[in-house]
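Printed here is work_4.cif (mmCIF, C-alpha atoms):
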```cif
data_upload
loop_
_atom_site.label_atom_id
_atom_site.label_comp_id
_atom_site.auth_asym_id
_atom_site.auth_seq_id
_atom_site.Cartn_x
_atom_site.Cartn_y
_atom_site.Cartn_z
CA MET A 18 0.00 0.00 0.00
CA THR A 19 1.04 3.56 -0.31
CA ASP A 20 1.42 5.34 2.96
CA ALA A 21 0.43 8.84 2.11
CA ARG A 22 1.36 10.50 5.35
CA ALA A 23 3.52 13.58 5.50
CA ASP A 24 7.21 12.85 5.94
CA GLN A 25 8.00 14.27 9.34
CA TYR A 26 11.73 14.42 8.62
CA ALA A 27 11.27 16.26 5.34
CA CYS A 28 8.73 18.64 6.87
CA THR A 29 10.98 19.45 9.82
CA GLU A 30 14.02 19.93 7.61
CA SER A 31 12.14 22.21 5.23
CA LEU A 32 10.78 24.20 8.12
CA LEU A 33 14.31 24.83 9.39
CA ASN A 34 15.49 25.77 5.92
CA ILE A 35 12.76 28.36 5.55
CA THR A 36 12.98 29.81 9.06
CA PRO A 37 16.58 29.06 10.04
CA ASP A 38 16.59 31.53 12.91
CA ALA A 39 13.34 30.41 14.51
CA ALA A 40 13.36 29.16 18.06
CA VAL A 41 11.85 25.68 17.92
CA VAL A 42 10.04 24.07 20.85
CA SER A 43 9.59 20.36 20.20
CA ASN A 44 7.30 17.87 21.88
CA LEU A 45 8.83 14.98 23.78
CA GLY A 46 9.72 11.90 21.79
CA VAL A 47 9.47 11.68 18.04
CA ALA A 48 9.13 15.40 17.35
CA SER A 49 12.33 16.06 19.31
CA TYR A 50 14.19 13.07 17.88
CA VAL A 51 13.36 14.16 14.35
CA LEU A 52 14.32 17.78 15.05
CA ALA A 53 17.64 16.67 16.52
CA SER A 54 18.35 14.46 13.53
CA VAL A 55 17.68 17.02 10.82
CA SER A 56 19.41 19.94 12.54
CA ASP A 57 22.55 20.30 14.57
CA PRO A 58 21.46 18.42 17.72
CA GLU A 59 23.12 21.15 19.76
CA ARG A 60 21.36 23.93 17.86
CA ALA A 61 20.96 26.56 20.56
CA ARG A 62 17.48 27.49 19.42
CA ASN A 63 16.07 23.99 19.75
CA PHE A 64 14.22 23.43 23.00
CA TYR A 65 13.56 19.72 23.31
CA GLN A 66 10.94 18.56 25.80
CA TRP A 67 11.86 15.41 27.68
CA GLY A 68 8.57 15.19 29.56
CA SER A 69 5.67 17.52 30.23
CA MET A 70 3.47 15.99 27.56
CA GLY A 71 0.57 18.32 26.86
CA VAL A 72 2.52 21.46 27.71
CA THR A 73 4.63 21.95 24.57
CA THR A 74 2.42 24.53 22.90
CA ALA A 75 2.16 26.46 26.17
CA VAL A 76 5.95 26.65 26.31
CA GLY A 77 5.96 28.08 22.80
CA LEU A 78 3.33 30.62 23.81
CA GLY A 79 5.34 31.81 26.79
CA LEU A 80 8.44 32.11 24.65
CA ALA A 81 6.64 33.93 21.85
CA LEU A 82 5.26 36.43 24.35
CA SER A 83 8.79 37.07 25.63
CA THR A 84 10.63 37.63 22.36
CA ASP A 85 10.06 39.34 19.02
CA GLU A 86 11.78 36.54 17.17
CA PRO A 87 9.91 33.76 15.37
CA VAL A 88 8.91 30.77 17.47
CA THR A 89 7.80 27.43 16.04
CA VAL A 90 6.19 24.69 18.09
CA LEU A 91 6.39 21.08 16.91
CA ASP A 92 3.62 19.39 18.88
CA GLY A 93 2.07 15.97 18.66
CA ASP A 94 -1.60 15.27 18.26
CA GLY A 95 -1.56 13.14 21.40
CA SER A 96 0.05 15.95 23.33
CA LEU A 97 -2.29 18.60 22.01
CA LEU A 98 -5.29 16.37 22.71
CA MET A 99 -4.30 16.52 26.39
CA SER A 100 -4.53 20.27 26.41
CA LEU A 101 -6.84 21.60 23.72
CA GLY A 102 -7.63 24.57 25.95
CA VAL A 103 -4.22 26.00 25.17
CA LEU A 104 -5.46 26.88 21.68
CA SER A 105 -7.98 29.24 23.24
CA THR A 106 -5.19 30.76 25.33
CA VAL A 107 -2.99 31.24 22.26
CA ALA A 108 -5.86 32.98 20.48
CA ARG A 109 -6.43 35.24 23.50
CA TYR A 110 -2.89 36.66 23.38
CA ASP A 111 -2.23 36.00 19.75
CA PRO A 112 1.49 36.57 19.35
CA ASP A 113 2.13 37.09 15.64
CA ASN A 114 5.55 35.43 15.89
CA LEU A 115 4.18 32.00 16.84
CA THR A 116 3.51 29.07 14.51
CA ILE A 117 2.27 25.75 15.85
CA VAL A 118 2.79 22.62 13.79
CA VAL A 119 0.89 19.53 14.91
CA TRP A 120 2.01 16.13 13.69
CA ALA A 121 -1.45 14.70 13.24
CA ASN A 122 -0.62 11.05 12.64
CA ASP A 123 -3.16 9.63 15.10
CA VAL A 124 -0.33 7.81 16.83
CA TYR A 125 1.34 7.89 20.22
CA GLY A 126 4.70 7.54 18.52
CA THR A 127 7.01 7.53 21.52
CA THR A 128 5.18 4.84 23.44
CA GLY A 129 5.11 2.32 20.65
CA GLY A 130 2.77 3.61 18.00
CA GLN A 131 -0.56 3.05 19.69
CA SER A 132 -3.46 4.73 17.95
CA LEU A 133 -5.05 7.85 19.42
CA GLN A 134 -8.31 6.51 17.99
CA ALA A 135 -9.03 10.14 17.18
CA SER A 136 -8.99 10.05 13.39
CA HIS A 137 -12.45 11.61 13.56
CA THR A 138 -10.93 14.68 15.22
CA ASP A 139 -10.07 17.67 13.06
CA PHE A 140 -7.28 19.49 14.88
CA ALA A 141 -7.20 22.38 12.45
CA GLY A 142 -10.93 22.72 12.90
CA ILE A 143 -10.55 22.84 16.66
CA ALA A 144 -7.86 25.49 16.27
CA GLU A 145 -10.05 27.57 13.97
CA ASN A 146 -12.95 27.34 16.37
CA SER A 147 -10.60 28.40 19.16
CA GLY A 148 -9.89 31.63 17.25
CA LEU A 149 -6.79 30.76 15.24
CA ASP A 150 -5.99 30.52 11.58
CA ALA A 151 -5.35 26.89 10.82
CA ILE A 152 -4.97 24.57 7.90
CA THR A 153 -4.50 20.86 7.41
CA VAL A 154 -1.78 19.89 5.03
CA GLY A 155 -2.46 16.85 2.98
CA ARG A 156 -4.67 15.14 0.52
CA PRO A 157 -7.97 14.26 2.09
CA THR A 158 -8.49 10.56 2.25
CA ARG A 159 -11.66 10.64 4.23
CA SER A 160 -14.91 11.89 2.87
CA ARG A 161 -16.93 13.77 5.37
CA THR A 162 -20.64 13.33 5.25
CA PRO A 163 -23.08 16.02 6.29
CA THR A 164 -24.02 13.90 9.25
CA GLY A 165 -20.44 13.89 10.44
CA ALA A 166 -19.98 10.16 10.30
CA PRO A 167 -16.52 9.15 11.48
CA PRO A 168 -14.06 8.15 8.80
CA SER A 169 -12.93 4.62 8.34
CA PRO A 170 -9.75 3.76 10.18
CA ARG A 171 -6.50 3.86 8.31
CA ALA A 172 -4.45 0.77 7.82
CA SER A 173 -1.12 1.89 9.18
CA PRO A 174 -0.11 4.04 12.13
CA SER A 175 3.31 4.64 10.68
CA LEU A 176 4.83 8.09 10.56
CA SER A 177 6.60 7.39 7.28
CA ALA A 178 5.44 8.83 4.01
CA THR A 179 6.14 8.30 0.39
CA SER A 180 5.97 11.86 -0.73
CA THR A 181 7.41 15.05 0.55
CA PRO A 182 5.08 17.94 1.22
CA SER A 183 6.02 21.43 0.32
CA ILE A 184 6.58 23.74 3.22
CA PRO A 185 5.40 27.33 3.42
CA THR A 186 7.48 30.40 3.53
CA HIS A 187 6.74 32.55 6.50
CA GLY A 188 3.16 33.64 6.53
CA GLN A 189 2.03 31.16 3.92
CA HIS A 190 0.04 28.08 4.54
CA LEU A 191 1.39 24.60 4.27
CA THR A 192 0.33 22.70 1.24
CA SER A 193 0.97 19.10 0.59
CA ARG A 194 -0.11 16.16 -1.45
CA THR A 195 0.23 13.85 1.49
CA SER A 196 -2.29 12.76 4.01
CA PRO A 197 -3.47 12.83 6.74
CA GLY A 198 -1.06 15.62 6.94
CA VAL A 199 0.09 18.26 9.29
CA PRO A 200 -2.21 20.95 10.59
CA ALA A 201 -0.22 24.13 10.90
CA ILE A 202 -1.86 26.48 13.31
CA HIS A 203 -0.89 30.08 12.76
CA SER A 204 -1.48 32.72 15.30
CA ARG A 205 -3.18 35.72 13.76
CA PRO A 206 -4.70 38.96 14.93
CA ILE A 207 -8.19 38.15 16.09
CA HIS A 208 -9.43 41.70 15.92
CA GLU A 209 -8.78 42.25 12.22
CA MET Q 17 -1.99 47.93 52.83
CA THR Q 18 -4.13 44.87 52.27
CA TRP Q 19 -2.58 41.45 51.86
CA SER Q 20 -3.21 41.59 48.10
CA GLU Q 21 -1.55 45.01 47.75
CA ASP Q 22 1.40 43.68 49.72
CA ALA Q 23 1.53 40.65 47.45
CA ALA Q 24 1.48 42.74 44.27
CA GLU Q 25 4.33 44.91 45.57
CA ALA Q 26 6.25 41.81 46.55
CA LEU Q 27 5.91 40.37 43.05
CA ALA Q 28 7.37 43.57 41.65
CA ASP Q 29 10.10 43.70 44.31
CA ALA Q 30 11.09 40.13 43.43
CA GLY Q 31 11.48 41.11 39.78
CA VAL Q 32 8.48 39.26 38.38
CA GLU Q 33 7.67 40.36 34.83
CA LEU Q 34 5.05 37.87 33.62
CA VAL Q 35 2.17 36.51 35.69
CA ALA Q 36 0.22 33.44 34.56
CA TYR Q 37 -3.00 32.87 36.45
CA LEU Q 38 -6.34 31.15 36.77
CA PRO Q 39 -9.13 32.76 38.77
CA ASP Q 40 -9.90 31.84 42.36
CA SER Q 41 -12.34 33.52 44.68
CA LYS Q 42 -9.75 34.57 47.25
CA MET Q 43 -7.07 35.27 44.64
CA ASP Q 44 -9.44 37.45 42.63
CA VAL Q 45 -8.43 40.74 44.25
CA LEU Q 46 -4.72 40.12 43.71
CA ILE Q 47 -5.28 39.03 40.12
CA GLY Q 48 -7.26 42.20 39.52
CA GLU Q 49 -4.44 44.34 40.85
CA VAL Q 50 -1.79 42.52 38.83
CA VAL Q 51 -3.78 42.68 35.59
CA GLU Q 52 -4.22 46.44 36.03
CA ASP Q 53 -0.56 46.96 36.93
CA ASP Q 54 1.66 47.97 34.00
CA ARG Q 55 4.65 46.41 35.67
CA PHE Q 56 3.34 42.98 34.79
CA GLU Q 57 2.42 41.13 31.61
CA THR Q 58 -0.40 38.75 32.44
CA VAL Q 59 -1.58 35.50 30.86
CA LEU Q 60 -4.88 33.90 31.74
CA VAL Q 61 -4.53 30.17 31.11
CA SER Q 62 -7.15 27.46 30.61
CA ARG Q 63 -5.52 25.01 33.00
CA GLU Q 64 -2.78 25.51 35.53
CA GLU Q 65 -0.28 23.15 33.92
CA GLU Q 66 -0.45 25.46 30.89
CA ALA Q 67 0.87 28.18 33.15
CA ILE Q 68 3.94 26.10 33.92
CA GLY Q 69 4.61 25.85 30.19
CA VAL Q 70 4.08 29.57 29.68
CA LEU Q 71 6.43 30.40 32.55
CA VAL Q 72 9.10 28.06 31.21
CA GLY Q 73 8.82 29.63 27.77
CA ALA Q 74 8.97 33.09 29.28
CA TRP Q 75 12.13 32.19 31.19
CA VAL Q 76 13.74 30.86 28.02
CA GLY Q 77 12.81 34.18 26.43
CA GLY Q 78 14.42 36.13 29.25
CA ASN Q 79 11.45 36.92 31.49
CA THR Q 80 10.86 35.97 35.09
CA GLY Q 81 7.42 34.71 35.96
CA ALA Q 82 4.92 33.93 38.67
CA LEU Q 83 1.90 31.66 38.93
CA LEU Q 84 -1.24 32.74 40.78
CA CYS Q 85 -3.80 30.02 41.43
CA GLN Q 86 -5.51 27.96 44.09
CA SER Q 87 -4.08 24.83 45.67
CA SER Q 88 -6.39 22.46 43.78
CA GLY Q 89 -5.17 24.08 40.57
CA LEU Q 90 -1.58 23.68 41.61
CA ALA Q 91 -2.28 19.96 41.86
CA ASN Q 92 -2.98 20.09 38.12
CA THR Q 93 0.60 21.16 37.43
CA PHE Q 94 2.58 18.34 38.95
CA ASN Q 95 3.76 16.50 35.86
CA ALA Q 96 4.78 19.78 34.23
CA ILE Q 97 6.68 20.86 37.35
CA GLY Q 98 8.25 17.45 37.88
CA SER Q 99 9.24 16.78 34.29
CA LEU Q 100 10.01 20.30 33.08
CA SER Q 101 10.47 23.06 35.68
CA VAL Q 102 12.57 21.03 38.10
CA PRO Q 103 14.82 19.05 35.71
CA ALA Q 104 15.26 22.01 33.35
CA ARG Q 105 16.12 24.29 36.27
CA VAL Q 106 13.49 26.82 35.29
CA PRO Q 107 12.31 28.93 38.22
CA PHE Q 108 8.94 30.43 38.88
CA LEU Q 109 7.36 32.01 41.92
CA GLY Q 110 4.07 30.40 42.91
CA VAL Q 111 1.63 32.39 45.00
CA VAL Q 112 -1.17 30.01 45.85
CA THR Q 113 -4.30 30.35 47.94
CA ARG Q 114 -4.25 27.26 50.10
CA ARG Q 115 -7.53 25.48 50.80
CA GLY Q 116 -8.20 22.43 52.92
CA ASN Q 117 -6.86 23.62 56.24
CA LEU Q 118 -8.29 25.90 58.97
CA GLY Q 119 -11.67 27.27 57.99
CA GLU Q 120 -12.27 24.73 55.22
CA PHE Q 121 -15.86 23.63 54.67
CA ASN Q 122 -15.42 21.61 51.47
CA ILE Q 123 -14.04 18.09 51.83
CA ALA Q 124 -13.10 18.11 48.14
CA GLN Q 125 -10.46 20.74 48.90
CA VAL Q 126 -8.80 18.73 51.64
CA PRO Q 127 -6.72 15.95 50.00
CA THR Q 128 -4.53 18.13 47.79
CA GLY Q 129 -5.03 21.43 49.62
CA TYR Q 130 -4.16 20.29 53.13
CA ASN Q 131 -1.28 18.17 51.86
CA MET Q 132 0.08 20.60 49.27
CA ASP Q 133 3.19 21.47 51.28
CA LYS Q 134 4.11 17.79 51.52
CA LEU Q 135 3.28 17.17 47.86
CA LEU Q 136 5.57 20.03 46.84
CA ASP Q 137 8.32 18.70 49.10
CA ASP Q 138 8.01 15.29 47.47
CA VAL Q 139 8.37 16.67 43.94
CA GLY Q 140 11.33 18.79 44.99
CA VAL Q 141 9.77 22.25 45.10
CA ARG Q 142 10.57 24.41 48.10
CA ASN Q 143 7.61 26.07 49.72
CA THR Q 144 6.44 27.94 52.75
CA VAL Q 145 3.10 28.70 54.37
CA VAL Q 146 1.94 32.19 55.32
CA THR Q 147 -0.64 32.35 58.11
CA ASP Q 148 -0.30 36.03 59.13
CA PRO Q 149 -1.13 38.81 56.65
CA GLU Q 150 1.71 40.85 58.14
CA ASN Q 151 4.20 38.42 56.60
CA VAL Q 152 2.87 38.43 53.04
CA ARG Q 153 5.14 41.03 51.51
CA GLU Q 154 8.43 39.88 52.96
CA THR Q 155 7.72 36.21 52.37
CA ILE Q 156 6.72 36.58 48.73
CA THR Q 157 9.64 38.92 48.02
CA LEU Q 158 12.16 36.54 49.55
CA ALA Q 159 10.54 33.53 47.87
CA GLY Q 160 10.83 35.16 44.46
CA GLU Q 161 14.40 36.22 45.06
CA THR Q 162 15.51 32.75 46.06
CA ALA Q 163 13.57 31.13 43.20
CA PHE Q 164 15.26 33.25 40.57
CA SER Q 165 18.72 33.26 42.12
CA THR Q 166 18.78 29.48 42.57
CA GLN Q 167 16.91 28.83 39.32
CA SER Q 168 14.36 26.60 40.97
CA PRO Q 169 10.65 27.02 41.64
CA TYR Q 170 9.39 28.28 44.99
CA VAL Q 171 5.76 28.26 46.12
CA VAL Q 172 4.16 30.44 48.80
CA LEU Q 173 0.95 29.01 50.22
CA LEU Q 174 -1.43 31.63 51.61
CA GLU Q 175 -3.71 30.25 54.31
CA GLN Q 176 -7.32 31.33 54.69
CA THR Q 177 -6.20 33.21 57.80
CA VAL Q 178 -4.50 35.56 55.31
CA THR Q 179 -6.99 35.66 52.47
CA GLY Q 180 -10.22 35.18 54.43
CA ARG Q 181 -12.74 32.40 54.21
CA LYS Q 182 -15.32 31.93 51.51
CA PRO Q 183 -18.79 33.09 52.60
CA GLU Q 184 -20.02 29.52 52.28
CA ALA Q 185 -17.75 28.54 55.15
CA ALA Q 186 -19.68 30.72 57.58
CA ASP Q 187 -23.14 29.72 56.41
CA ASP Q 188 -23.32 26.45 58.23
#
```
Whole structure, structure tokens version:
Amino acid sequence: MTDARADQYACTESLLNITPDAAVVSNLGVASYVLASVSDPERARNFYQWGSMGVTTAVGLGLALSTDEPVTVLDGDGSLLMSLGVLSTVARYDPDNLTIVVWANDVYGTTGGQSLQASHTDFAGIAENSGLDAITVGRPTRSRTPTGAPPSPRASPSLSATSTPSIPTHGQHLTSRTSPGVPAIHSRPIHE
Amino acid sequence: MTWSEDAAEALADAGVELVAYLPDSKMDVLIGEVVEDDRFETVLVSREEEAIGVLVGAWVGGNTGALLCQSSGLANTFNAIGSLSVPARVPFLGVVTRRGNLGEFNIAQVPTGYNMDKLLDDVGVRNTVVTDPENVRETITLAGETAFSTQSPYVVLLEQTVTGRKPEAADD
């Protein structure tokens, strides 16, 4: 079968190429391992989490509020699912230097690849309804019905992908041909 | 000065720049003063463990921070404190209204509130209890100073003898 998921390594590498000076806060486990492998592991602007699952985006918010420089959060869907309220907090303060990338692979990658069983959950939609600009990168593989029926489960929980998504320049949205993809949640002024 | 005015001055004296908070009935007056005070940037969080993340990020960005919440809310922060603040040596000053002890009417506040000092000791966070309003300013100032100079969290627990009891406590 073709695993059409976004390539987390390629996405992370492209992100660093486009915003080489960004401070990057990475979720514990896979997000941090990937970041360390595609950048200098000692890169001073990488802040790897070794615990504190569910708090990664909040760390990025606190940092973004304390600097004018760009801040990127690499969070996991399992981590964000623990703390969806943080999206409302981010929207409340809305630092324009903060970008949140969520690896929405429906997998607890660091604990062995167990499924979140949350493939029916639209993280970008939650972010939008929390007051943020958000987009899901990837080719839709699930057809939503007006009644909101949950999609059929995917066959593989793997993070690997066969194609490489394009990565946005600053201020642009991610676009990709892969799926289920990576919701990138951009902070934006909410009073525009 | 009231205990809350003393506490706000102490936060400033200790060099606190960012205050993350969640409302509490007895903390409300201090939160109001801090939010209106230009010396502080304030962040209302959805859950207290978020505040730990915000304060860690703020420290990485060069700002010193404090957490204002109630003791039951502080219980929500323990994994973030134990797996981030303490091992990463990121300080914050906690100013926490302590429930569960003298004057408590709600049994649900007792397990984590009454035991919060011991819980903090067990996770490696220094703490002290203030029972006399006269001691609020000096205690919070010194707590902040030692937190930031040793780069480790410090929590001040304010008893209901300082902040007053909820009206419900006197109804029965």
With a cut-off of 12 Å and counting all atoms listed in the file, select all residues of chain Q in contact with chain A and give the selection as a short mmCIF file (atom, residue, chain, number, x, y, z; two decimals) with C-alpha atoms, keeping the file's coordinate frame.
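Output file part_17.cif follows:
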```cif
data_model
loop_
_atom_site.label_atom_id
_atom_site.label_comp_id
_atom_site.auth_asym_id
_atom_site.auth_seq_id
_atom_site.Cartn_x
_atom_site.Cartn_y
_atom_site.Cartn_z
CA GLU Q 33 7.67 40.36 34.83
CA LEU Q 34 5.05 37.87 33.62
CA VAL Q 35 2.17 36.51 35.69
CA ALA Q 36 0.22 33.44 34.56
CA TYR Q 37 -3.00 32.87 36.45
CA LEU Q 38 -6.34 31.15 36.77
CA GLU Q 57 2.42 41.13 31.61
CA THR Q 58 -0.40 38.75 32.44
CA VAL Q 59 -1.58 35.50 30.86
CA LEU Q 60 -4.88 33.90 31.74
CA VAL Q 61 -4.53 30.17 31.11
CA SER Q 62 -7.15 27.46 30.61
CA ARG Q 63 -5.52 25.01 33.00
CA GLU Q 64 -2.78 25.51 35.53
CA GLU Q 65 -0.28 23.15 33.92
CA GLU Q 66 -0.45 25.46 30.89
CA ALA Q 67 0.87 28.18 33.15
CA ILE Q 68 3.94 26.10 33.92
CA GLY Q 69 4.61 25.85 30.19
CA VAL Q 70 4.08 29.57 29.68
CA LEU Q 71 6.43 30.40 32.55
CA VAL Q 72 9.10 28.06 31.21
CA GLY Q 73 8.82 29.63 27.77
CA ALA Q 74 8.97 33.09 29.28
CA TRP Q 75 12.13 32.19 31.19
CA VAL Q 76 13.74 30.86 28.02
CA GLY Q 77 12.81 34.18 26.43
CA GLY Q 78 14.42 36.13 29.25
CA ASN Q 79 11.45 36.92 31.49
CA THR Q 80 10.86 35.97 35.09
CA GLY Q 81 7.42 34.71 35.96
CA ASN Q 92 -2.98 20.09 38.12
CA THR Q 93 0.60 21.16 37.43
CA PHE Q 94 2.58 18.34 38.95
CA ASN Q 95 3.76 16.50 35.86
CA ALA Q 96 4.78 19.78 34.23
CA ILE Q 97 6.68 20.86 37.35
CA GLY Q 98 8.25 17.45 37.88
CA SER Q 99 9.24 16.78 34.29
CA LEU Q 100 10.01 20.30 33.08
CA SER Q 101 10.47 23.06 35.68
CA VAL Q 102 12.57 21.03 38.10
CA PRO Q 103 14.82 19.05 35.71
CA ALA Q 104 15.26 22.01 33.35
CA VAL Q 106 13.49 26.82 35.29
#
```
Applied to this file, what does the PyMOL selection byres ((chain Q and resi 40) around 9) return in terms of residues, put as a list in words?
->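 Applied to this file, the PyMOL selection byres ((chain Q and resi 40) around 9) returns Leu38, Pro39, Ser41, Lys42, Met43, Asp44, Ile47, Leu84, Cys85, Gln86 and Thr113 of chain Q.
Every protein or nucleic acid residue with an atom no more than 8 Å from Ile156 of chain Q, counting all atoms listed in the file and leaving out same-chain residues fewer than 2 positions away, appears here: Ala23, Ala26, Leu27, Ala30, Val111, Val152, Arg153, Glu154, Leu158, Ala159, Gly160 and Val172 of chain Q.
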For the residues in that selection, give me C-alpha atoms as a PDB file, keeping the file's coordinate frame.
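Heads up, here's the output in selection.pdb:
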```pdb
ATOM      1  CA  ALA Q  23       1.530  40.650  47.450  1.00  0.00           C
ATOM      2  CA  ALA Q  26       6.250  41.810  46.550  1.00  0.00           C
ATOM      3  CA  LEU Q  27       5.910  40.370  43.050  1.00  0.00           C
ATOM      4  CA  ALA Q  30      11.090  40.130  43.430  1.00  0.00           C
ATOM      5  CA  VAL Q 111       1.630  32.390  45.000  1.00  0.00           C
ATOM      6  CA  VAL Q 152       2.870  38.430  53.040  1.00  0.00           C
ATOM      7  CA  ARG Q 153       5.140  41.030  51.510  1.00  0.00           C
ATOM      8  CA  GLU Q 154       8.430  39.880  52.960  1.00  0.00           C
ATOM      9  CA  LEU Q 158      12.160  36.540  49.550  1.00  0.00           C
ATOM     10  CA  ALA Q 159      10.540  33.530  47.870  1.00  0.00           C
ATOM     11  CA  GLY Q 160      10.830  35.160  44.460  1.00  0.00           C
ATOM     12  CA  VAL Q 172       4.160  30.440  48.800  1.00  0.00           C
TER      13      VAL Q 172
END
```
Nearest to Phe121 of chain Q among Q:Lys182, Q:Lys134, Q:Arg55, Q:Arg142, with distances taken over all atoms listed in the file: which residue is it?
->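 For Phe121 of chain Q, the nearest of the given residues is Q:Lys182.
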Give as a VMD selection string the set of residues within 10 Å of the point (1.6, 7.4, 19.8), where distances use the file's coordinates and all atoms listed in the file.
-> chain A and resid 46 to 47 93 to 96 122 to 133 174 to 176
Matched chain/residue IDs from the PyMOL selection byres ((chain Q and resi 115) around 12), as number ranges by chain = Q: 40-43, 85-91, 112-114, 116-133, 145, 173-182, 185
Could you tell me which residues the PyMOL selection byres ((chain Q and resi 165) around 12) grabs in this file, written as a ChimeraX atom specification?
-> /Q:30-31,80,105-109,158-164,166-170
At what distance in Å, to one decimal, does atom CA of Thr89 of chain A lie from atom CA of Val41 of chain A?
->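 Taking atom CA of Val41 of chain A and atom CA of Thr89 of chain A, their separation equals 4.8 Å.
Rounded to one decimal, atom CA of Val171 of chain Q and atom CA of Leu83 of chain Q lie 8.8 Å from each other.
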For atom CA of Phe140 of chain A and atom CA of Ile152 of chain A, quote the distance in Å rounded to one decimal.
->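 We find that atom CA of Phe140 of chain A and atom CA of Ile152 of chain A lie 8.9 Å from each other.
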